[in-house]
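As stored in input27.cif (mmCIF, N, CA and C atoms):
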```cif
data_input
loop_
_atom_site.label_atom_id
_atom_site.label_comp_id
_atom_site.auth_asym_id
_atom_site.auth_seq_id
_atom_site.Cartn_x
_atom_site.Cartn_y
_atom_site.Cartn_z
N MET A 1 14.93 50.36 26.71
CA MET A 1 15.32 49.73 27.95
C MET A 1 15.89 50.81 28.86
N GLY A 2 15.26 51.02 29.99
CA GLY A 2 15.76 51.97 30.97
C GLY A 2 16.67 51.29 31.97
N GLN A 3 17.66 52.02 32.44
CA GLN A 3 18.54 51.53 33.48
C GLN A 3 18.69 52.62 34.53
N SER A 4 18.85 52.20 35.76
CA SER A 4 18.97 53.15 36.84
C SER A 4 19.92 52.59 37.90
N LEU A 5 20.91 53.38 38.29
CA LEU A 5 21.82 53.01 39.36
C LEU A 5 21.49 53.91 40.54
N LEU A 6 21.12 53.31 41.67
CA LEU A 6 20.59 54.06 42.80
C LEU A 6 21.45 53.89 44.03
N GLN A 7 21.61 54.96 44.78
CA GLN A 7 22.40 54.90 46.01
C GLN A 7 21.57 54.32 47.14
N ASN A 8 22.25 53.89 48.19
CA ASN A 8 21.53 53.40 49.34
C ASN A 8 21.22 54.56 50.28
N GLY A 9 20.46 54.27 51.30
CA GLY A 9 20.13 55.30 52.27
C GLY A 9 18.63 55.54 52.35
N LEU A 10 18.27 56.61 53.02
CA LEU A 10 16.86 56.92 53.26
C LEU A 10 16.08 57.24 52.00
N PHE A 11 16.75 57.61 50.93
CA PHE A 11 16.06 58.02 49.71
C PHE A 11 15.68 56.84 48.82
N GLN A 12 15.93 55.63 49.27
CA GLN A 12 15.61 54.45 48.47
C GLN A 12 14.13 54.34 48.16
N ARG A 13 13.30 54.81 49.05
CA ARG A 13 11.86 54.68 48.82
C ARG A 13 11.40 55.47 47.61
N GLY A 14 12.18 56.45 47.18
CA GLY A 14 11.83 57.24 46.00
C GLY A 14 11.86 56.42 44.72
N LYS A 15 12.63 55.35 44.68
CA LYS A 15 12.71 54.53 43.47
C LYS A 15 11.44 53.73 43.24
N VAL A 16 10.60 53.62 44.25
CA VAL A 16 9.35 52.88 44.12
C VAL A 16 8.46 53.52 43.06
N ASN A 17 8.41 54.84 43.00
CA ASN A 17 7.56 55.52 42.02
C ASN A 17 7.95 55.16 40.59
N GLY A 18 9.24 55.15 40.30
CA GLY A 18 9.71 54.79 38.97
C GLY A 18 9.39 53.35 38.63
N ALA A 19 9.56 52.45 39.59
CA ALA A 19 9.25 51.04 39.36
C ALA A 19 7.76 50.85 39.11
N ASP A 20 6.94 51.52 39.88
CA ASP A 20 5.49 51.41 39.73
C ASP A 20 5.04 51.92 38.36
N TYR A 21 5.59 53.04 37.94
CA TYR A 21 5.26 53.61 36.63
C TYR A 21 5.65 52.65 35.51
N ALA A 22 6.85 52.07 35.60
CA ALA A 22 7.31 51.12 34.59
C ALA A 22 6.49 49.83 34.62
N PHE A 23 6.11 49.39 35.81
CA PHE A 23 5.33 48.17 35.96
C PHE A 23 3.96 48.30 35.28
N HIS A 24 3.25 49.38 35.59
CA HIS A 24 1.92 49.58 35.03
C HIS A 24 1.95 49.99 33.56
N GLY A 25 3.05 50.60 33.13
CA GLY A 25 3.18 51.01 31.74
C GLY A 25 3.81 49.96 30.84
N GLY A 26 4.24 48.84 31.42
CA GLY A 26 4.87 47.78 30.63
C GLY A 26 6.18 48.22 30.00
N MET A 27 6.99 48.96 30.78
CA MET A 27 8.27 49.47 30.28
C MET A 27 9.43 48.69 30.90
N PRO A 28 10.36 48.20 30.08
CA PRO A 28 11.51 47.48 30.64
C PRO A 28 12.43 48.45 31.38
N LEU A 29 12.78 48.10 32.60
CA LEU A 29 13.64 48.94 33.43
C LEU A 29 14.45 48.04 34.35
N VAL A 30 15.76 48.22 34.36
CA VAL A 30 16.64 47.50 35.28
C VAL A 30 17.17 48.51 36.28
N MET A 31 16.87 48.27 37.55
CA MET A 31 17.32 49.15 38.63
C MET A 31 18.31 48.38 39.49
N ILE A 32 19.47 48.98 39.73
CA ILE A 32 20.48 48.40 40.61
C ILE A 32 20.66 49.36 41.78
N GLY A 33 20.34 48.89 42.97
CA GLY A 33 20.40 49.73 44.15
C GLY A 33 21.44 49.24 45.14
N GLY A 34 21.95 50.15 45.90
CA GLY A 34 22.90 49.82 46.96
C GLY A 34 22.17 49.51 48.25
N GLN A 35 22.91 48.99 49.21
CA GLN A 35 22.36 48.72 50.53
C GLN A 35 23.52 48.68 51.52
N LYS A 36 23.21 48.91 52.76
CA LYS A 36 24.24 48.83 53.81
C LYS A 36 24.81 47.41 53.85
N PRO A 37 25.99 47.25 54.44
CA PRO A 37 26.59 45.91 54.52
C PRO A 37 25.65 44.90 55.18
N ILE A 38 25.68 43.67 54.67
CA ILE A 38 24.81 42.64 55.24
C ILE A 38 25.56 41.62 56.09
N LYS A 39 26.87 41.53 55.89
CA LYS A 39 27.64 40.54 56.66
C LYS A 39 28.01 41.04 58.04
N SER A 40 28.35 42.29 58.14
CA SER A 40 28.66 42.88 59.44
C SER A 40 28.44 44.38 59.36
N SER A 41 27.82 44.90 60.39
CA SER A 41 27.54 46.32 60.41
C SER A 41 27.42 46.77 61.85
N TRP A 42 28.17 47.80 62.21
CA TRP A 42 28.14 48.26 63.59
C TRP A 42 26.81 48.92 63.94
N HIS A 43 26.08 49.40 62.95
CA HIS A 43 24.81 50.06 63.23
C HIS A 43 23.61 49.15 63.00
N GLY A 44 23.87 47.88 62.71
CA GLY A 44 22.78 46.94 62.52
C GLY A 44 21.87 47.34 61.37
N ARG A 45 20.60 47.25 61.58
CA ARG A 45 19.62 47.57 60.53
C ARG A 45 19.06 48.99 60.67
N PHE A 46 19.74 49.85 61.41
CA PHE A 46 19.27 51.21 61.61
C PHE A 46 19.13 51.94 60.28
N GLN A 47 17.99 52.55 60.06
CA GLN A 47 17.66 53.30 58.85
C GLN A 47 17.80 52.46 57.59
N GLN A 48 17.54 51.18 57.68
CA GLN A 48 17.62 50.30 56.53
C GLN A 48 16.23 49.79 56.19
N THR A 49 15.79 50.07 54.99
CA THR A 49 14.50 49.60 54.52
C THR A 49 14.70 48.33 53.71
N ASP A 50 13.83 47.37 53.87
CA ASP A 50 13.89 46.14 53.08
C ASP A 50 13.30 46.44 51.70
N VAL A 51 14.11 47.05 50.86
CA VAL A 51 13.66 47.51 49.54
C VAL A 51 13.31 46.32 48.64
N VAL A 52 14.01 45.21 48.79
CA VAL A 52 13.72 44.03 47.97
C VAL A 52 12.25 43.62 48.18
N SER A 53 11.80 43.57 49.41
CA SER A 53 10.41 43.20 49.70
C SER A 53 9.43 44.27 49.24
N VAL A 54 9.80 45.53 49.39
CA VAL A 54 8.94 46.63 48.95
C VAL A 54 8.75 46.58 47.44
N MET A 55 9.79 46.20 46.71
CA MET A 55 9.73 46.19 45.25
C MET A 55 9.03 44.96 44.67
N ARG A 56 8.92 43.90 45.41
CA ARG A 56 8.36 42.65 44.85
C ARG A 56 6.99 42.82 44.19
N PRO A 57 6.04 43.52 44.81
CA PRO A 57 4.72 43.63 44.16
C PRO A 57 4.70 44.48 42.88
N ILE A 58 5.72 45.33 42.69
CA ILE A 58 5.69 46.24 41.54
C ILE A 58 6.87 46.01 40.58
N THR A 59 7.48 44.85 40.67
CA THR A 59 8.54 44.47 39.72
C THR A 59 8.29 43.05 39.25
N LYS A 60 8.92 42.72 38.15
CA LYS A 60 8.84 41.35 37.66
C LYS A 60 9.76 40.44 38.46
N PHE A 61 10.81 41.03 39.03
CA PHE A 61 11.79 40.28 39.80
C PHE A 61 12.53 41.24 40.71
N SER A 62 12.74 40.86 41.96
CA SER A 62 13.44 41.69 42.93
C SER A 62 14.30 40.78 43.79
N THR A 63 15.61 41.07 43.87
CA THR A 63 16.51 40.20 44.61
C THR A 63 17.68 40.97 45.20
N GLN A 64 18.32 40.37 46.19
CA GLN A 64 19.54 40.91 46.78
C GLN A 64 20.69 39.96 46.45
N ILE A 65 21.79 40.52 46.01
CA ILE A 65 22.99 39.75 45.71
C ILE A 65 23.69 39.42 47.03
N VAL A 66 24.06 38.16 47.23
CA VAL A 66 24.70 37.75 48.48
C VAL A 66 26.14 37.28 48.30
N ALA A 67 26.62 37.27 47.05
CA ALA A 67 28.01 36.89 46.77
C ALA A 67 28.44 37.60 45.49
N PRO A 68 29.68 38.10 45.46
CA PRO A 68 30.12 38.86 44.28
C PRO A 68 30.11 38.06 42.98
N ARG A 69 30.31 36.77 43.07
CA ARG A 69 30.33 35.95 41.85
C ARG A 69 28.96 35.90 41.18
N LEU A 70 27.90 36.27 41.90
CA LEU A 70 26.54 36.25 41.36
C LEU A 70 26.15 37.53 40.63
N ILE A 71 26.96 38.57 40.75
CA ILE A 71 26.61 39.86 40.15
C ILE A 71 26.43 39.76 38.63
N PRO A 72 27.38 39.22 37.86
CA PRO A 72 27.18 39.15 36.41
C PRO A 72 25.96 38.33 36.00
N ILE A 73 25.73 37.23 36.71
CA ILE A 73 24.58 36.37 36.41
C ILE A 73 23.28 37.13 36.65
N ALA A 74 23.20 37.83 37.79
CA ALA A 74 21.99 38.56 38.14
C ALA A 74 21.71 39.69 37.15
N ILE A 75 22.74 40.39 36.72
CA ILE A 75 22.53 41.49 35.79
C ILE A 75 22.08 40.96 34.43
N LYS A 76 22.70 39.93 33.95
CA LYS A 76 22.29 39.32 32.68
C LYS A 76 20.83 38.85 32.76
N GLU A 77 20.48 38.20 33.84
CA GLU A 77 19.12 37.70 34.04
C GLU A 77 18.13 38.86 34.17
N ALA A 78 18.54 39.94 34.82
CA ALA A 78 17.66 41.11 34.99
C ALA A 78 17.26 41.70 33.65
N PHE A 79 18.22 41.84 32.75
CA PHE A 79 17.90 42.39 31.43
C PHE A 79 16.99 41.45 30.64
N ARG A 80 17.20 40.15 30.79
CA ARG A 80 16.34 39.19 30.10
C ARG A 80 14.91 39.26 30.63
N ILE A 81 14.77 39.23 31.94
CA ILE A 81 13.44 39.27 32.56
C ILE A 81 12.71 40.57 32.25
N ALA A 82 13.42 41.69 32.30
CA ALA A 82 12.79 42.99 32.06
C ALA A 82 12.20 43.10 30.66
N GLN A 83 12.78 42.38 29.69
CA GLN A 83 12.34 42.50 28.30
C GLN A 83 11.39 41.40 27.85
N GLU A 84 11.38 40.26 28.55
CA GLU A 84 10.58 39.13 28.06
C GLU A 84 9.10 39.33 28.38
N GLU A 85 8.26 38.61 27.59
CA GLU A 85 6.81 38.67 27.74
C GLU A 85 6.35 40.12 27.83
N ARG A 86 5.58 40.48 28.82
CA ARG A 86 5.22 41.88 29.00
C ARG A 86 6.39 42.56 29.70
N PRO A 87 7.02 43.55 29.06
CA PRO A 87 8.17 44.22 29.69
C PRO A 87 7.79 44.86 31.03
N GLY A 88 8.79 45.02 31.88
CA GLY A 88 8.56 45.64 33.18
C GLY A 88 9.85 45.82 33.94
N PRO A 89 9.76 46.38 35.15
CA PRO A 89 10.95 46.67 35.95
C PRO A 89 11.49 45.45 36.70
N VAL A 90 12.80 45.49 36.93
CA VAL A 90 13.52 44.48 37.71
C VAL A 90 14.41 45.23 38.68
N TYR A 91 14.50 44.75 39.91
CA TYR A 91 15.34 45.40 40.93
C TYR A 91 16.39 44.44 41.46
N ILE A 92 17.64 44.89 41.43
CA ILE A 92 18.76 44.13 42.00
C ILE A 92 19.41 44.99 43.08
N GLU A 93 19.58 44.42 44.25
CA GLU A 93 20.22 45.15 45.36
C GLU A 93 21.60 44.57 45.61
N VAL A 94 22.60 45.44 45.65
CA VAL A 94 23.98 45.02 45.89
C VAL A 94 24.48 45.71 47.17
N PRO A 95 24.55 44.98 48.27
CA PRO A 95 25.06 45.56 49.52
C PRO A 95 26.51 46.02 49.37
N GLU A 96 26.88 47.03 50.15
CA GLU A 96 28.22 47.62 50.08
C GLU A 96 29.32 46.57 50.25
N ASP A 97 29.17 45.69 51.23
CA ASP A 97 30.24 44.72 51.49
C ASP A 97 30.37 43.69 50.37
N ILE A 98 29.28 43.34 49.74
CA ILE A 98 29.33 42.39 48.62
C ILE A 98 29.99 43.07 47.41
N ALA A 99 29.63 44.32 47.17
CA ALA A 99 30.22 45.06 46.04
C ALA A 99 31.72 45.25 46.23
N ALA A 100 32.17 45.35 47.46
CA ALA A 100 33.60 45.59 47.74
C ALA A 100 34.43 44.30 47.74
N GLU A 101 33.77 43.15 47.83
CA GLU A 101 34.50 41.88 47.86
C GLU A 101 35.14 41.59 46.52
N GLU A 102 36.24 40.86 46.59
CA GLU A 102 36.90 40.40 45.37
C GLU A 102 36.60 38.93 45.17
N CYS A 103 36.60 38.53 43.92
CA CYS A 103 36.45 37.11 43.62
C CYS A 103 37.33 36.79 42.43
N GLU A 104 37.66 35.54 42.31
CA GLU A 104 38.52 35.10 41.20
C GLU A 104 37.72 35.14 39.90
N GLU A 105 38.42 35.43 38.82
CA GLU A 105 37.74 35.53 37.53
C GLU A 105 37.08 34.21 37.14
N ASP A 106 37.69 33.09 37.50
CA ASP A 106 37.10 31.80 37.14
C ASP A 106 35.83 31.48 37.94
N GLU A 107 35.53 32.27 39.00
CA GLU A 107 34.30 32.08 39.77
C GLU A 107 33.12 32.76 39.10
N LEU A 108 33.38 33.69 38.18
CA LEU A 108 32.31 34.42 37.52
C LEU A 108 31.64 33.56 36.48
N TRP A 109 30.36 33.78 36.33
CA TRP A 109 29.49 33.09 35.37
C TRP A 109 29.33 31.70 35.82
#
```
Written as structure tokens, that's how I'd like the structure from this file.
Amino acid sequence: MGQSLLQNGLFQRGKVNGADYAFHGGMPLVMIGGQKPIKSSWHGRFQQTDVVSVMRPITKFSTQIVAPRLIPIAIKEAFRIAQEERPGPVYIEVPEDIAAEECEEDELW
């Protein structure tokens, strides 16, 4: 099982090669990528690629986290999906503002 933690920015498109290789090779891979804030951003969508959409054709599952309480659920599900049936890559995107938010422990899971 491969895992990859990826930074946000212009270099995000480089992760497509790894996902494509894992997809065609039937290799389980969980990729967690960053993204600019989605709730508020002074620069809007400048230099922001919709990586979730780019990854959809070459992953078993590609999603963006929109609330911090969903992070543990998404990661658990990503590992399950990556390994089930024919193994392959999964992409989870965690925007900066979502990653920085706090949530109560009882909200998790």
Practice item. Apply the PyMOL selection byres ((chain A and resi 89) around 6) to the structure shown and report the selected residues as a PyMOL selection string. Key: chain A and resi 19+22-23+27-30+59-61+82+87-88+90-91
Kindly save the residues from that selection, with N, CA and C atoms included, as a JSON list (two decimals), in the coordinates of the input.
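File written: out-v6.json
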```json
[["chain", "number", "residue", "atom", "x", "y", "z"],
["A", 19, "ALA", "N", 9.56, 52.45, 39.59],
["A", 19, "ALA", "CA", 9.25, 51.04, 39.36],
["A", 19, "ALA", "C", 7.76, 50.85, 39.11],
["A", 22, "ALA", "N", 6.85, 52.07, 35.60],
["A", 22, "ALA", "CA", 7.31, 51.12, 34.59],
["A", 22, "ALA", "C", 6.49, 49.83, 34.62],
["A", 23, "PHE", "N", 6.11, 49.39, 35.81],
["A", 23, "PHE", "CA", 5.33, 48.17, 35.96],
["A", 23, "PHE", "C", 3.96, 48.30, 35.28],
["A", 27, "MET", "N", 6.99, 48.96, 30.78],
["A", 27, "MET", "CA", 8.27, 49.47, 30.28],
["A", 27, "MET", "C", 9.43, 48.69, 30.90],
["A", 28, "PRO", "N", 10.36, 48.20, 30.08],
["A", 28, "PRO", "CA", 11.51, 47.48, 30.64],
["A", 28, "PRO", "C", 12.43, 48.45, 31.38],
["A", 29, "LEU", "N", 12.78, 48.10, 32.60],
["A", 29, "LEU", "CA", 13.64, 48.94, 33.43],
["A", 29, "LEU", "C", 14.45, 48.04, 34.35],
["A", 30, "VAL", "N", 15.76, 48.22, 34.36],
["A", 30, "VAL", "CA", 16.64, 47.50, 35.28],
["A", 30, "VAL", "C", 17.17, 48.51, 36.28],
["A", 59, "THR", "N", 7.48, 44.85, 40.67],
["A", 59, "THR", "CA", 8.54, 44.47, 39.72],
["A", 59, "THR", "C", 8.29, 43.05, 39.25],
["A", 60, "LYS", "N", 8.92, 42.72, 38.15],
["A", 60, "LYS", "CA", 8.84, 41.35, 37.66],
["A", 60, "LYS", "C", 9.76, 40.44, 38.46],
["A", 61, "PHE", "N", 10.81, 41.03, 39.03],
["A", 61, "PHE", "CA", 11.79, 40.28, 39.80],
["A", 61, "PHE", "C", 12.53, 41.24, 40.71],
["A", 82, "ALA", "N", 13.42, 41.69, 32.30],
["A", 82, "ALA", "CA", 12.79, 42.99, 32.06],
["A", 82, "ALA", "C", 12.20, 43.10, 30.66],
["A", 87, "PRO", "N", 7.02, 43.55, 29.06],
["A", 87, "PRO", "CA", 8.17, 44.22, 29.69],
["A", 87, "PRO", "C", 7.79, 44.86, 31.03],
["A", 88, "GLY", "N", 8.79, 45.02, 31.88],
["A", 88, "GLY", "CA", 8.56, 45.64, 33.18],
["A", 88, "GLY", "C", 9.85, 45.82, 33.94],
["A", 90, "VAL", "N", 12.80, 45.49, 36.93],
["A", 90, "VAL", "CA", 13.52, 44.48, 37.71],
["A", 90, "VAL", "C", 14.41, 45.23, 38.68],
["A", 91, "TYR", "N", 14.50, 44.75, 39.91],
["A", 91, "TYR", "CA", 15.34, 45.40, 40.93],
["A", 91, "TYR", "C", 16.39, 44.44, 41.46]]
```
Review point. Got a sec to resolve the PyMOL selection byres (((chain A and resi 32 and name CA) around 6) and name CA) on this structure and send the residues as a ChimeraX atom specification?
Key: /A:5,31,33,91-93
Exercise for review: Spell out the residues picked by the PyMOL selection byres ((chain A and resi 69-72) around 8) here, as a PyMOL selection string.
Suggested key: chain A and resi 65-68+73-78+98+101-104+107-109
Exercise for review: Report as a ChimeraX atom specification: the residues of segment 10-93 of chain A with a DSSP assignment of helix (DSSP H, G or I), based on the backbone of this structure.
Suggested key: /A:10-25,51-58,68-83
Review point. At what distance in Å, to one decimal, does atom N of Asp50 of chain A lie from atom CA of Gly2 of chain A?
Key: 23.4 Å
Study note, to complete from the structure: Of A:Ile81, A:Ile38, A:Val52, A:Met1, the one sitting nearest Glu96 of chain A when using only C-alpha atoms is A:Ile38
Practice item. For atom CA of Ser53 of chain A and atom CA of His24 of chain A, quote the distance in Å rounded to one decimal. Key: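 For atom CA of Ser53 of chain A relative to atom CA of His24 of chain A, the distance reads 18.1 Å.
Proximity to Val54 of chain A was assessed for A:Val16, A:Pro37, A:Glu85, A:Gly25 counting all atoms listed in the file; the smallest distance is recorded for A:Val16.
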Practice item. Could you check how far atom C of Phe79 of chain A sits from atom CA of Gln3 of chain A, in Å to one decimal? Key: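 Taking atom C of Phe79 of chain A and atom CA of Gln3 of chain A, their separation equals 10.6 Å.
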Specify the axis-aligned box that encloses all atoms of segment 89-100 of chain A listed in the file after padding of 6 Å on each side, stating its centre and edge lengths in Å to one decimal as JSON.
```
{"center_x": 22.1, "center_y": 45.0, "center_z": 43.3, "size_x": 36.7, "size_y": 17.2, "size_z": 28.3}
```
Exercise for review: Kindly indicate which residue among A:Ser62, A:Val94, A:Ala99, A:Val51 lies nearest to Gln35 of chain A, using only N, CA and C atoms for the distances.
Suggested key: A:Val94
